[in-house]
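S.K.: Contents of start38.cif (mmCIF, C-alpha atoms):
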data_work
loop_
_atom_site.label_atom_id
_atom_site.label_comp_id
_atom_site.auth_asym_id
_atom_site.auth_seq_id
_atom_site.Cartn_x
_atom_site.Cartn_y
_atom_site.Cartn_z
CA MET A 3 -106.44 138.80 -88.08
CA ALA A 4 -105.52 138.69 -91.77
CA SER A 5 -108.34 141.13 -92.62
CA ASP A 6 -106.69 143.78 -90.41
CA ASN A 7 -103.38 143.72 -92.28
CA LYS A 8 -102.63 146.78 -94.38
CA PHE A 9 -100.88 146.28 -97.71
CA ALA A 10 -99.06 148.46 -100.21
CA VAL A 11 -99.54 147.27 -103.79
CA LEU A 12 -96.64 148.33 -106.03
CA ILE A 13 -96.84 147.39 -109.72
CA ASP A 14 -94.04 147.37 -112.28
CA ALA A 15 -95.92 148.41 -115.44
CA ASP A 16 -92.96 147.58 -117.70
CA ASN A 17 -93.46 143.80 -117.55
CA ILE A 18 -97.01 143.23 -116.24
CA SER A 19 -100.09 143.41 -118.46
CA GLU A 20 -103.14 145.49 -117.52
CA LYS A 21 -105.39 142.44 -118.03
CA TYR A 22 -104.30 141.16 -114.62
CA ILE A 23 -105.36 144.19 -112.56
CA LYS A 24 -108.63 142.72 -111.23
CA PHE A 25 -106.91 139.48 -110.25
CA ILE A 26 -104.13 141.38 -108.47
CA LEU A 27 -106.51 143.47 -106.36
CA ASN A 28 -108.97 140.64 -105.67
CA GLU A 29 -106.18 138.28 -104.66
CA ILE A 30 -104.49 140.65 -102.22
CA SER A 31 -107.87 141.57 -100.70
CA ASN A 32 -107.95 138.01 -99.32
CA ASP A 33 -104.96 138.93 -97.14
CA GLY A 34 -105.95 142.38 -95.93
CA ILE A 35 -106.78 145.99 -96.79
CA VAL A 36 -104.98 147.80 -99.60
CA THR A 37 -103.88 151.26 -98.44
CA TYR A 38 -101.32 152.09 -101.16
CA LYS A 39 -101.90 151.40 -104.86
CA ARG A 40 -99.07 152.64 -107.06
CA ILE A 41 -97.84 151.73 -110.52
CA TYR A 42 -94.48 152.69 -112.00
CA GLY A 43 -93.39 153.36 -115.58
CA ASP A 44 -92.59 155.95 -118.23
CA TRP A 45 -96.09 157.09 -119.13
CA THR A 46 -94.84 159.07 -122.12
CA THR A 47 -94.19 155.82 -124.01
CA PRO A 48 -97.00 154.27 -126.13
CA ASN A 49 -96.51 150.74 -124.78
CA LEU A 50 -98.14 151.76 -121.46
CA ASN A 51 -101.27 153.22 -123.07
CA PRO A 52 -103.40 150.12 -122.27
CA TRP A 53 -102.73 150.69 -118.55
CA LYS A 54 -104.13 154.22 -118.65
CA THR A 55 -107.68 153.00 -119.18
CA VAL A 56 -107.74 150.97 -115.95
CA LEU A 57 -105.94 153.33 -113.56
CA LEU A 58 -108.86 155.65 -112.80
CA GLU A 59 -111.49 152.96 -112.30
CA ASN A 60 -109.19 151.11 -109.88
CA CYS A 61 -107.87 154.24 -108.16
CA ILE A 62 -104.21 153.42 -108.84
CA LEU A 63 -101.67 156.23 -108.60
CA PRO A 64 -99.30 156.30 -111.61
CA ILE A 65 -95.71 157.26 -110.80
CA GLN A 66 -93.83 158.80 -113.72
CA GLN A 67 -90.23 157.71 -114.16
CA PHE A 68 -88.25 158.73 -117.22
CA GLY A 69 -85.53 156.47 -118.53
CA TYR A 70 -82.33 158.43 -117.97
CA THR A 71 -80.28 156.29 -120.36
CA SER A 72 -81.03 153.56 -122.85
CA ARG A 73 -81.10 149.95 -121.64
CA LYS A 74 -81.34 151.07 -118.00
CA ASN A 75 -84.56 150.42 -116.09
CA SER A 76 -84.93 153.40 -113.79
CA THR A 77 -88.52 152.31 -113.02
CA ASP A 78 -87.19 149.54 -110.77
CA THR A 79 -85.12 152.01 -108.76
CA ALA A 80 -88.08 154.33 -108.24
CA MET A 81 -90.26 151.44 -107.06
CA ILE A 82 -87.59 150.21 -104.63
CA ILE A 83 -87.12 153.70 -103.14
CA ASP A 84 -90.87 154.16 -102.69
CA ALA A 85 -91.17 150.73 -101.06
CA MET A 86 -88.55 151.58 -98.47
CA ASP A 87 -90.13 155.01 -97.82
CA ILE A 88 -93.49 153.32 -97.17
CA PHE A 89 -91.80 150.68 -95.02
CA TYR A 90 -90.26 153.29 -92.72
CA THR A 91 -93.62 155.05 -92.20
CA GLY A 92 -94.75 151.99 -90.20
CA GLN A 93 -98.25 152.29 -91.68
CA VAL A 94 -98.42 148.92 -93.45
CA ASN A 95 -98.06 145.28 -92.45
CA GLY A 96 -97.15 143.96 -95.87
CA PHE A 97 -96.33 144.59 -99.51
CA CYS A 98 -97.61 143.17 -102.77
CA LEU A 99 -94.81 143.41 -105.34
CA VAL A 100 -96.20 142.85 -108.83
CA SER A 101 -93.37 142.11 -111.25
CA SER A 102 -91.58 139.28 -113.02
CA ASP A 103 -88.22 140.98 -112.59
CA SER A 104 -85.48 139.43 -110.45
CA ASP A 105 -84.21 142.93 -109.57
CA PHE A 106 -86.77 143.00 -106.75
CA THR A 107 -85.31 139.94 -105.01
CA ARG A 108 -83.25 141.94 -102.52
CA LEU A 109 -86.16 144.31 -101.86
CA ALA A 110 -88.45 141.41 -100.98
CA ALA A 111 -85.79 139.91 -98.70
CA ARG A 112 -85.18 143.25 -96.95
CA LEU A 113 -88.90 143.83 -96.34
CA ARG A 114 -89.25 140.36 -94.83
CA GLU A 115 -86.26 141.06 -92.59
CA GLY A 116 -88.26 144.03 -91.32
CA GLY A 117 -91.20 141.80 -90.38
CA MET A 118 -93.32 142.52 -93.46
CA ILE A 119 -95.56 140.06 -95.27
CA VAL A 120 -94.41 140.07 -98.90
CA VAL A 121 -96.79 138.72 -101.54
CA GLY A 122 -95.22 138.51 -104.99
CA MET A 123 -97.18 138.26 -108.23
CA GLY A 124 -95.80 137.66 -111.69
CA ASN A 125 -95.78 135.43 -114.72
CA ARG A 126 -94.35 131.96 -115.22
CA GLN A 127 -90.99 133.29 -116.36
CA THR A 128 -90.38 134.95 -112.97
CA PRO A 129 -86.89 133.93 -111.73
CA LYS A 130 -86.86 131.52 -108.80
CA PRO A 131 -84.80 133.79 -106.47
CA PHE A 132 -87.55 136.44 -106.47
CA ILE A 133 -90.21 133.78 -105.85
CA SER A 134 -88.27 132.35 -102.91
CA ALA A 135 -87.68 135.80 -101.40
CA CYS A 136 -91.45 136.39 -101.05
CA SER A 137 -93.65 135.09 -98.24
CA ARG A 138 -96.07 133.87 -100.92
CA PHE A 139 -96.00 134.08 -104.69
CA LYS A 140 -98.93 133.93 -107.12
CA TYR A 141 -98.68 133.16 -110.84
CA LEU A 142 -100.90 135.64 -112.65
CA ASP A 143 -101.29 133.46 -115.75
CA ILE A 144 -102.76 130.74 -113.51
CA LEU A 145 -105.15 133.19 -111.86
CA LEU A 146 -106.31 134.14 -115.34
CA GLY A 147 -107.34 130.52 -115.89
CA SER A 148 -108.88 129.92 -112.46
CA PRO A 149 -112.34 128.31 -112.17
CA GLU A 150 -113.79 131.42 -110.53
CA ARG A 151 -112.89 133.43 -113.61
CA GLN A 152 -114.54 130.89 -115.90
CA GLU A 153 -117.73 131.12 -113.86
CA GLY A 154 -117.62 134.92 -113.94
CA GLY A 155 -116.89 135.39 -110.25
CA GLY A 156 -114.10 136.80 -108.15
CA LEU A 157 -111.12 135.01 -106.69
CA PRO A 158 -112.19 133.76 -103.26
CA TYR A 159 -109.34 131.27 -103.04
CA GLY A 160 -106.32 133.32 -102.05
CA SER A 161 -103.84 132.63 -99.29
CA LEU A 162 -103.95 129.10 -97.93
CA THR A 163 -103.40 130.45 -94.44
CA GLY A 164 -106.61 130.04 -92.48
CA ARG A 165 -108.74 129.42 -95.57
CA ALA A 166 -108.59 125.63 -95.52
CA GLU A 167 -110.54 125.70 -92.24
CA ARG A 168 -113.57 126.81 -94.28
CA GLU A 169 -113.37 123.77 -96.52
CA SER A 170 -115.70 121.73 -94.38
CA GLY A 171 -119.15 120.21 -94.63
CA ALA A 172 -120.46 120.16 -98.20
CA GLU A 173 -117.37 121.89 -99.59
CA ALA A 174 -114.97 119.47 -97.93
CA ALA A 175 -117.02 116.61 -99.32
CA GLY A 176 -116.12 117.77 -102.82
CA GLY A 177 -119.27 119.71 -103.66
CA GLY A 178 -117.61 122.05 -106.12
CA PRO A 179 -118.81 122.64 -109.69
CA MET A 180 -117.89 120.32 -112.54
CA ILE A 181 -115.38 122.23 -114.70
CA GLU A 182 -114.07 121.12 -118.07
CA THR A 183 -110.41 120.25 -118.06
CA ALA A 184 -107.64 120.46 -120.63
CA GLY A 185 -105.15 117.67 -120.13
CA ALA A 186 -104.88 118.22 -116.38
CA TYR A 187 -105.35 114.62 -115.32
CA ALA A 188 -101.89 113.25 -115.92
CA THR A 189 -99.61 111.24 -113.70
CA VAL A 190 -96.98 113.71 -112.54
CA GLY A 191 -95.09 112.05 -109.72
CA GLY A 192 -94.03 108.53 -108.93
CA GLU A 193 -96.21 105.70 -107.73
CA GLY A 194 -99.11 107.08 -105.70
CA ASP A 195 -98.45 110.69 -106.74
CA ARG A 196 -101.30 110.79 -109.23
CA LEU A 197 -103.00 114.06 -110.07
CA GLY A 198 -106.69 113.50 -110.57
CA GLY A 199 -106.93 109.86 -111.53
CA GLU A 200 -110.37 108.28 -111.85
CA GLY A 201 -111.70 109.82 -108.65
CA ASP A 202 -113.44 113.09 -107.91
CA ARG A 203 -112.71 115.68 -110.62
CA ARG A 204 -114.89 118.47 -109.35
CA GLY A 205 -113.27 121.87 -108.98
CA GLN A 206 -110.61 121.08 -111.59
CA VAL A 207 -109.30 124.10 -113.49
CA LYS A 208 -109.37 124.45 -117.24
CA PHE A 209 -106.18 126.40 -117.90
CA SER A 210 -106.09 129.19 -120.46
CA ASP A 211 -103.46 129.65 -123.18
CA GLY A 212 -102.53 125.97 -123.08
CA LEU A 213 -101.30 126.19 -119.48
CA THR A 214 -101.33 122.85 -117.67
CA PRO A 215 -99.57 121.59 -114.56
CA ASP A 216 -96.95 119.99 -116.80
CA THR A 217 -96.18 123.20 -118.72
CA ASN A 218 -95.89 125.40 -115.64
CA LYS A 219 -92.17 124.71 -115.22
CA SER A 220 -91.47 127.59 -112.82
CA ALA A 221 -93.80 126.39 -110.05
CA THR A 222 -92.65 123.90 -107.43
CA HIS A 223 -93.37 120.50 -108.97
CA LEU A 224 -95.90 118.00 -107.67
CA PRO A 225 -93.37 115.31 -106.66
CA THR A 226 -91.66 117.90 -104.43
CA ILE A 227 -94.98 118.88 -102.84
CA SER A 228 -95.94 115.21 -102.40
CA GLY A 229 -92.65 114.49 -100.66
CA ALA A 230 -93.13 117.48 -98.37
CA ILE A 231 -96.65 116.31 -97.46
CA ARG A 232 -95.34 112.86 -96.54
CA ALA A 233 -92.57 114.40 -94.42
CA ILE A 234 -94.88 116.86 -92.65
CA LEU A 235 -97.41 114.18 -91.78
CA THR A 236 -94.66 111.87 -90.56
CA GLU A 237 -93.03 114.52 -88.37
CA SER A 238 -95.97 116.53 -87.02
CA SER A 239 -99.15 114.46 -87.03
CA ASP A 240 -100.85 113.08 -83.92
CA ASP A 241 -100.27 109.61 -82.49
CA GLU A 242 -102.50 108.03 -85.11
CA GLY A 243 -100.91 109.96 -88.00
CA TRP A 244 -103.79 112.45 -88.53
CA MET A 245 -103.37 116.18 -89.21
CA LEU A 246 -105.91 118.96 -89.79
CA ILE A 247 -105.92 120.00 -93.44
CA SER A 248 -105.56 123.70 -92.60
CA GLU A 249 -102.39 122.99 -90.62
CA LEU A 250 -100.93 121.12 -93.58
CA GLY A 251 -101.77 124.05 -95.88
CA ASN A 252 -100.08 126.53 -93.56
CA ARG A 253 -96.91 124.43 -93.37
CA LEU A 254 -96.72 123.97 -97.14
CA VAL A 255 -96.95 127.73 -97.76
CA LYS A 256 -94.16 128.30 -95.25
CA ARG A 257 -91.93 125.79 -97.06
CA TYR A 258 -92.80 126.80 -100.64
CA SER A 259 -93.81 130.42 -101.18
CA ASP A 260 -95.36 129.64 -104.58
CA PHE A 261 -97.48 126.72 -103.37
CA ASP A 262 -101.04 127.17 -104.56
CA VAL A 263 -103.35 124.30 -105.47
CA ARG A 264 -104.39 126.23 -108.57
CA ASN A 265 -100.88 125.59 -109.90
CA PHE A 266 -101.97 121.95 -110.20
CA GLY A 267 -105.45 122.64 -111.55
CA PHE A 268 -107.57 122.59 -108.39
CA ALA A 269 -109.77 125.27 -106.88
CA LYS A 270 -109.56 124.05 -103.27
CA LEU A 271 -106.99 122.46 -101.03
CA SER A 272 -109.47 119.71 -100.08
CA LEU A 273 -109.87 118.67 -103.72
CA PHE A 274 -106.11 118.70 -104.23
CA VAL A 275 -105.36 116.36 -101.32
CA LYS A 276 -108.18 114.04 -102.39
CA SER A 277 -106.44 113.64 -105.74
CA LEU A 278 -103.29 112.26 -104.08
CA ASP A 279 -103.58 108.50 -103.94
CA PHE A 280 -101.27 108.07 -100.95
CA LEU A 281 -103.48 110.06 -98.53
CA GLU A 282 -106.33 108.83 -96.35
CA ILE A 283 -108.98 111.42 -95.46
CA LYS A 284 -111.67 111.63 -92.79
CA THR A 285 -114.21 114.24 -91.69
CA ALA A 286 -114.76 114.84 -87.97
CA LYS A 287 -117.26 117.13 -86.24
CA ASN A 288 -116.21 119.63 -83.63
CA PRO A 289 -118.42 118.99 -80.56
CA ASP A 290 -118.19 122.65 -79.51
CA ASN A 291 -119.79 124.23 -82.57
CA ASN A 292 -120.86 121.18 -84.62
CA SER A 293 -118.65 122.23 -87.55
CA ALA A 294 -116.90 119.66 -89.71
CA HIS A 295 -113.11 119.51 -90.05
CA LEU A 296 -111.07 117.57 -92.57
CA TYR A 297 -108.15 115.42 -91.40
CA LEU A 298 -105.67 113.40 -93.44
CA ARG A 299 -102.80 110.98 -93.02
CA VAL A 300 -100.54 108.82 -95.15
CA LYS A 301 -102.15 105.50 -96.02
CA THR A 302 -100.66 102.56 -94.22
CA ALA A 303 -99.61 99.60 -96.32
CA PRO A 304 -101.81 96.56 -95.75
CA SER A 305 -100.20 93.85 -93.68
CA PRO A 306 -99.22 90.82 -95.73
CA ALA A 307 -101.43 87.78 -95.26
CA PRO A 308 -99.83 85.18 -92.99
CA ALA A 309 -98.38 82.22 -94.79
CA PRO A 310 -100.45 79.06 -94.43
CA VAL A 311 -99.15 76.66 -91.80
CA LYS A 312 -98.28 73.31 -93.24
CA ALA A 313 -99.32 70.25 -91.28
CA PRO A 314 -96.36 68.10 -90.19
CA ALA A 315 -95.74 65.12 -92.42
CA ARG A 316 -97.10 61.87 -91.02
CA ARG A 317 -94.53 59.21 -90.42
CA ARG A 318 -95.36 55.80 -91.76
CA ILE A 319 -94.61 52.94 -89.32
CA LYS A 320 -93.40 49.75 -90.90
CA LYS A 321 -94.98 46.56 -89.65
CA ALA A 322 -92.58 43.96 -88.27
#
Could you quickly redo this structure as structure tokens?
M.R.:
Amino acid sequence: MASDNKFAVLIDADNISEKYIKFILNEISNDGIVTYKRIYGDWTTPNLNPWKTVLLENCILPIQQFGYTSRKNSTDTAMIIDAMDIFYTGQVNGFCLVSSDSDFTRLAARLREGGMIVVGMGNRQTPKPFISACSRFKYLDILLGSPERQEGGGLPYGSLTGRAERESGAEAAGGGPMIETAGAYATVGGEGDRLGGEGDRRGQVKFSDGLTPDTNKSATHLPTISGAIRAILTESSDDEGWMLISELGNRLVKRYSDFDVRNFGFAKLSLFVKSLDFLEIKTAKNPDNNSAHLYLRVKTAPSPAPAPVKAPARRRIKKA
């Protein structure tokens, strides 16, 4: 089970702000248990002073790394060496690499080659190679503007894997809170790829710092996700075209490591798919435990009305 996975959280303090620490720890707790919490930097420099106030209360071990020469980031090297040392102990199932630095791309790829789950976290300027090298990637600036934060809560929506199954019953019916939005209801894709529209807007995120789905250029764009949804449903649905929403979520995360419905301003996968005009959705009860499950398929185009049949012209017979 995901809750049994053990994770090492390694933070690059040089390019990640301390304001994200609660989001980092809450988010990775959705995937498993954190056994290592380490942060790397030169703690003799004044720019890391804000981090010092949050290390003790979150029980994070600071690792001191002096800069041997100017313009050389020795912190990255120390973090990479520690990651490999932890990997070879065999005591963890995954890593959470918190950085926006592309230097960790090869580390993420090597850890995945060793069978590790690699969750990356960083800002919007994170290079695409590092994002793609991770099993999943979370944008910290989007977590900062999540609906749970606005309501003063935690971050219950983490990995899509297995969590969409819980979006049933009242939740699957769109029973989330009404949240003010900031320009999030714009047409992003082509025809039918409408985000929001005039339908159910519950659970929509109000982004902070002017962040909207259109300004988040580093995330995989909505037209790409829409095309992948169409392809997945076409290739892997049942005979009638239906697929369980949790299965779709799992497949999307496998294809796009940074896929998260919060990137598009939604708190739940069920609300996100309801906003896509080309999908048809139904709720079915499981007869074994009476729980409700959400299914979806691509809408079929209505058959054109048959053309009216014209009566044959009557022939006029001339009288002799």
S.K.: Any chance you could work out the residue set of the PyMOL selection byres ((chain A and resi 9) around 9) here, as a PDB file with C-alpha atoms, in the coordinates of the input?
M.R.:
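The resulting file, expr-v7.pdb, is reproduced below:
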ATOM      1  CA  ASN A   7    -103.380 143.720 -92.280  1.00  0.00           C
ATOM      2  CA  LYS A   8    -102.630 146.780 -94.380  1.00  0.00           C
ATOM      3  CA  ALA A  10     -99.060 148.460-100.210  1.00  0.00           C
ATOM      4  CA  VAL A  11     -99.540 147.270-103.790  1.00  0.00           C
ATOM      5  CA  ILE A  30    -104.490 140.650-102.220  1.00  0.00           C
ATOM      6  CA  SER A  31    -107.870 141.570-100.700  1.00  0.00           C
ATOM      7  CA  ASP A  33    -104.960 138.930 -97.140  1.00  0.00           C
ATOM      8  CA  GLY A  34    -105.950 142.380 -95.930  1.00  0.00           C
ATOM      9  CA  ILE A  35    -106.780 145.990 -96.790  1.00  0.00           C
ATOM     10  CA  VAL A  36    -104.980 147.800 -99.600  1.00  0.00           C
ATOM     11  CA  THR A  37    -103.880 151.260 -98.440  1.00  0.00           C
ATOM     12  CA  TYR A  38    -101.320 152.090-101.160  1.00  0.00           C
ATOM     13  CA  LYS A  39    -101.900 151.400-104.860  1.00  0.00           C
ATOM     14  CA  GLN A  93     -98.250 152.290 -91.680  1.00  0.00           C
ATOM     15  CA  VAL A  94     -98.420 148.920 -93.450  1.00  0.00           C
ATOM     16  CA  ASN A  95     -98.060 145.280 -92.450  1.00  0.00           C
ATOM     17  CA  GLY A  96     -97.150 143.960 -95.870  1.00  0.00           C
ATOM     18  CA  PHE A  97     -96.330 144.590 -99.510  1.00  0.00           C
ATOM     19  CA  CYS A  98     -97.610 143.170-102.770  1.00  0.00           C
ATOM     20  CA  ILE A 119     -95.560 140.060 -95.270  1.00  0.00           C
TER      21      ILE A 119
END
S.K.: When you count all atoms listed in the file, which of these residues is closest to A:Ala286: A:Leu246, A:Val263, A:Ile88, A:Met123?
M.R.: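 Nearest to A:Ala286: A:Leu246.
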S.K.: Atom CA of A:Ser238 to atom CA of A:Leu281: how many Å, to one decimal?
M.R.: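 Computing the Euclidean distance for atom CA of A:Ser238 and atom CA of A:Leu281 yields 15.2 Å.
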S.K.: One decimal, in Å: what's the spacing between atom CA of A:Ser293 and atom CA of A:Gly251?
M.R.: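 Computing it gives 18.9 Å between the two atoms.
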S.K.: Would you kindly return, as a list in words, each protein, DNA or RNA residue with an atom no farther than 8 Å from any atom of A:Val100, considering all atoms listed in the file and excluding same-chain residues fewer than 3 positions away?
M.R.: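 My list of contacting residues is Val11, Leu12, Ile13, Asp14, Ile18, Gly122, Met123 and Gly124 of chain A.
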S.K.: Using only C-alpha atoms, find the one residue out of A:Ala221, A:Ile144, A:Leu57, A:Leu235 that sits nearest to A:Phe268.
M.R.: A:Ile144
S.K.: Figure out the distance between atom CA of A:Ala233 and atom CA of A:Glu249, please, to one decimal in Å.
M.R.: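 Separation between atom CA of A:Glu249 and atom CA of A:Ala233: 13.6 Å.
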S.K.: Would you write out, as a PyMOL selection string, every residue that the PyMOL selection byres ((chain A and resi 245) around 9) captures in this file?
M.R.: chain A and resi 235+238-240+243-244+246-250+296-299
S.K.: If we count only C-alpha atoms, what is near A:Phe132 at a cut-off of 9 Å, once residues fewer than 6 positions away on the same chain are taken out, given as a CSV table (one decimal) with C-alpha atoms, in the coordinates of the input?
M.R.:
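Result file follows (out.csv):
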chain,number,residue,atom,x,y,z
A,102,SER,CA,-91.6,139.3,-113.0
A,103,ASP,CA,-88.2,141.0,-112.6
A,104,SER,CA,-85.5,139.4,-110.4
A,105,ASP,CA,-84.2,142.9,-109.6
A,106,PHE,CA,-86.8,143.0,-106.8
A,107,THR,CA,-85.3,139.9,-105.0
A,108,ARG,CA,-83.2,141.9,-102.5
A,110,ALA,CA,-88.4,141.4,-101.0
A,111,ALA,CA,-85.8,139.9,-98.7
A,122,GLY,CA,-95.2,138.5,-105.0
A,139,PHE,CA,-96.0,134.1,-104.7
S.K.: Kindly output stretch 266-290 of chain A as a PDB file, in the coordinates of the input, after building N, CA and C atoms.
M.R.:
ATOM      1  N   PHE A 266    -101.784 123.328-109.777  1.00  0.00           N
ATOM      2  CA  PHE A 266    -101.970 121.950-110.200  1.00  0.00           C
ATOM      3  C   PHE A 266    -103.375 121.703-110.738  1.00  0.00           C
ATOM      4  N   GLY A 267    -104.146 122.768-110.919  1.00  0.00           N
ATOM      5  CA  GLY A 267    -105.450 122.640-111.550  1.00  0.00           C
ATOM      6  C   GLY A 267    -106.610 122.416-110.626  1.00  0.00           C
ATOM      7  N   PHE A 268    -106.481 122.791-109.338  1.00  0.00           N
ATOM      8  CA  PHE A 268    -107.570 122.590-108.390  1.00  0.00           C
ATOM      9  C   PHE A 268    -107.981 123.927-107.766  1.00  0.00           C
ATOM     10  N   ALA A 269    -109.261 124.038-107.450  1.00  0.00           N
ATOM     11  CA  ALA A 269    -109.770 125.270-106.880  1.00  0.00           C
ATOM     12  C   ALA A 269    -109.675 125.292-105.360  1.00  0.00           C
ATOM     13  N   LYS A 270    -109.569 124.119-104.728  1.00  0.00           N
ATOM     14  CA  LYS A 270    -109.560 124.050-103.270  1.00  0.00           C
ATOM     15  C   LYS A 270    -108.499 123.075-102.799  1.00  0.00           C
ATOM     16  N   LEU A 271    -107.990 123.339-101.616  1.00  0.00           N
ATOM     17  CA  LEU A 271    -106.990 122.460-101.030  1.00  0.00           C
ATOM     18  C   LEU A 271    -107.586 121.070-100.769  1.00  0.00           C
ATOM     19  N   SER A 272    -108.846 121.004-100.366  1.00  0.00           N
ATOM     20  CA  SER A 272    -109.470 119.710-100.080  1.00  0.00           C
ATOM     21  C   SER A 272    -109.526 118.843-101.331  1.00  0.00           C
ATOM     22  N   LEU A 273    -109.824 119.436-102.485  1.00  0.00           N
ATOM     23  CA  LEU A 273    -109.870 118.670-103.720  1.00  0.00           C
ATOM     24  C   LEU A 273    -108.469 118.222-104.145  1.00  0.00           C
ATOM     25  N   PHE A 274    -107.487 119.055-103.876  1.00  0.00           N
ATOM     26  CA  PHE A 274    -106.110 118.700-104.230  1.00  0.00           C
ATOM     27  C   PHE A 274    -105.642 117.476-103.437  1.00  0.00           C
ATOM     28  N   VAL A 275    -105.847 117.481-102.122  1.00  0.00           N
ATOM     29  CA  VAL A 275    -105.360 116.360-101.320  1.00  0.00           C
ATOM     30  C   VAL A 275    -106.148 115.088-101.629  1.00  0.00           C
ATOM     31  N   LYS A 276    -107.410 115.222-102.022  1.00  0.00           N
ATOM     32  CA  LYS A 276    -108.180 114.040-102.390  1.00  0.00           C
ATOM     33  C   LYS A 276    -107.658 113.398-103.668  1.00  0.00           C
ATOM     34  N   SER A 277    -106.971 114.178-104.486  1.00  0.00           N
ATOM     35  CA  SER A 277    -106.440 113.640-105.740  1.00  0.00           C
ATOM     36  C   SER A 277    -105.148 112.854-105.538  1.00  0.00           C
ATOM     37  N   LEU A 278    -104.538 112.955-104.359  1.00  0.00           N
ATOM     38  CA  LEU A 278    -103.290 112.260-104.080  1.00  0.00           C
ATOM     39  C   LEU A 278    -103.590 110.870-103.535  1.00  0.00           C
ATOM     40  N   ASP A 279    -103.185 109.867-104.268  1.00  0.00           N
ATOM     41  CA  ASP A 279    -103.580 108.500-103.940  1.00  0.00           C
ATOM     42  C   ASP A 279    -102.993 107.988-102.636  1.00  0.00           C
ATOM     43  N   PHE A 280    -101.929 108.609-102.147  1.00  0.00           N
ATOM     44  CA  PHE A 280    -101.270 108.070-100.950  1.00  0.00           C
ATOM     45  C   PHE A 280    -101.852 108.622 -99.654  1.00  0.00           C
ATOM     46  N   LEU A 281    -102.906 109.456 -99.733  1.00  0.00           N
ATOM     47  CA  LEU A 281    -103.480 110.060 -98.530  1.00  0.00           C
ATOM     48  C   LEU A 281    -104.822 109.424 -98.179  1.00  0.00           C
ATOM     49  N   GLU A 282    -105.050 109.279 -96.892  1.00  0.00           N
ATOM     50  CA  GLU A 282    -106.330 108.830 -96.350  1.00  0.00           C
ATOM     51  C   GLU A 282    -106.994 110.020 -95.680  1.00  0.00           C
ATOM     52  N   ILE A 283    -108.291 110.214 -95.911  1.00  0.00           N
ATOM     53  CA  ILE A 283    -108.980 111.420 -95.460  1.00  0.00           C
ATOM     54  C   ILE A 283    -110.204 111.047 -94.647  1.00  0.00           C
ATOM     55  N   LYS A 284    -110.462 111.834 -93.592  1.00  0.00           N
ATOM     56  CA  LYS A 284    -111.670 111.630 -92.790  1.00  0.00           C
ATOM     57  C   LYS A 284    -112.238 112.991 -92.395  1.00  0.00           C
ATOM     58  N   THR A 285    -113.531 113.029 -92.154  1.00  0.00           N
ATOM     59  CA  THR A 285    -114.210 114.240 -91.690  1.00  0.00           C
ATOM     60  C   THR A 285    -114.686 114.010 -90.270  1.00  0.00           C
ATOM     61  N   ALA A 286    -114.358 114.950 -89.377  1.00  0.00           N
ATOM     62  CA  ALA A 286    -114.760 114.840 -87.970  1.00  0.00           C
ATOM     63  C   ALA A 286    -115.469 116.114 -87.547  1.00  0.00           C
ATOM     64  N   LYS A 287    -116.506 115.969 -86.715  1.00  0.00           N
ATOM     65  CA  LYS A 287    -117.260 117.130 -86.240  1.00  0.00           C
ATOM     66  C   LYS A 287    -116.680 117.649 -84.947  1.00  0.00           C
ATOM     67  N   ASN A 288    -116.654 118.977 -84.849  1.00  0.00           N
ATOM     68  CA  ASN A 288    -116.210 119.630 -83.630  1.00  0.00           C
ATOM     69  C   ASN A 288    -117.387 119.652 -82.649  1.00  0.00           C
ATOM     70  N   PRO A 289    -117.271 119.035 -81.482  1.00  0.00           N
ATOM     71  CA  PRO A 289    -118.420 118.990 -80.560  1.00  0.00           C
ATOM     72  C   PRO A 289    -118.798 120.358 -80.012  1.00  0.00           C
ATOM     73  N   ASP A 290    -117.892 121.334 -80.057  1.00  0.00           N
ATOM     74  CA  ASP A 290    -118.190 122.650 -79.510  1.00  0.00           C
ATOM     75  C   ASP A 290    -119.151 123.442 -80.379  1.00  0.00           C
TER      76      ASP A 290
END
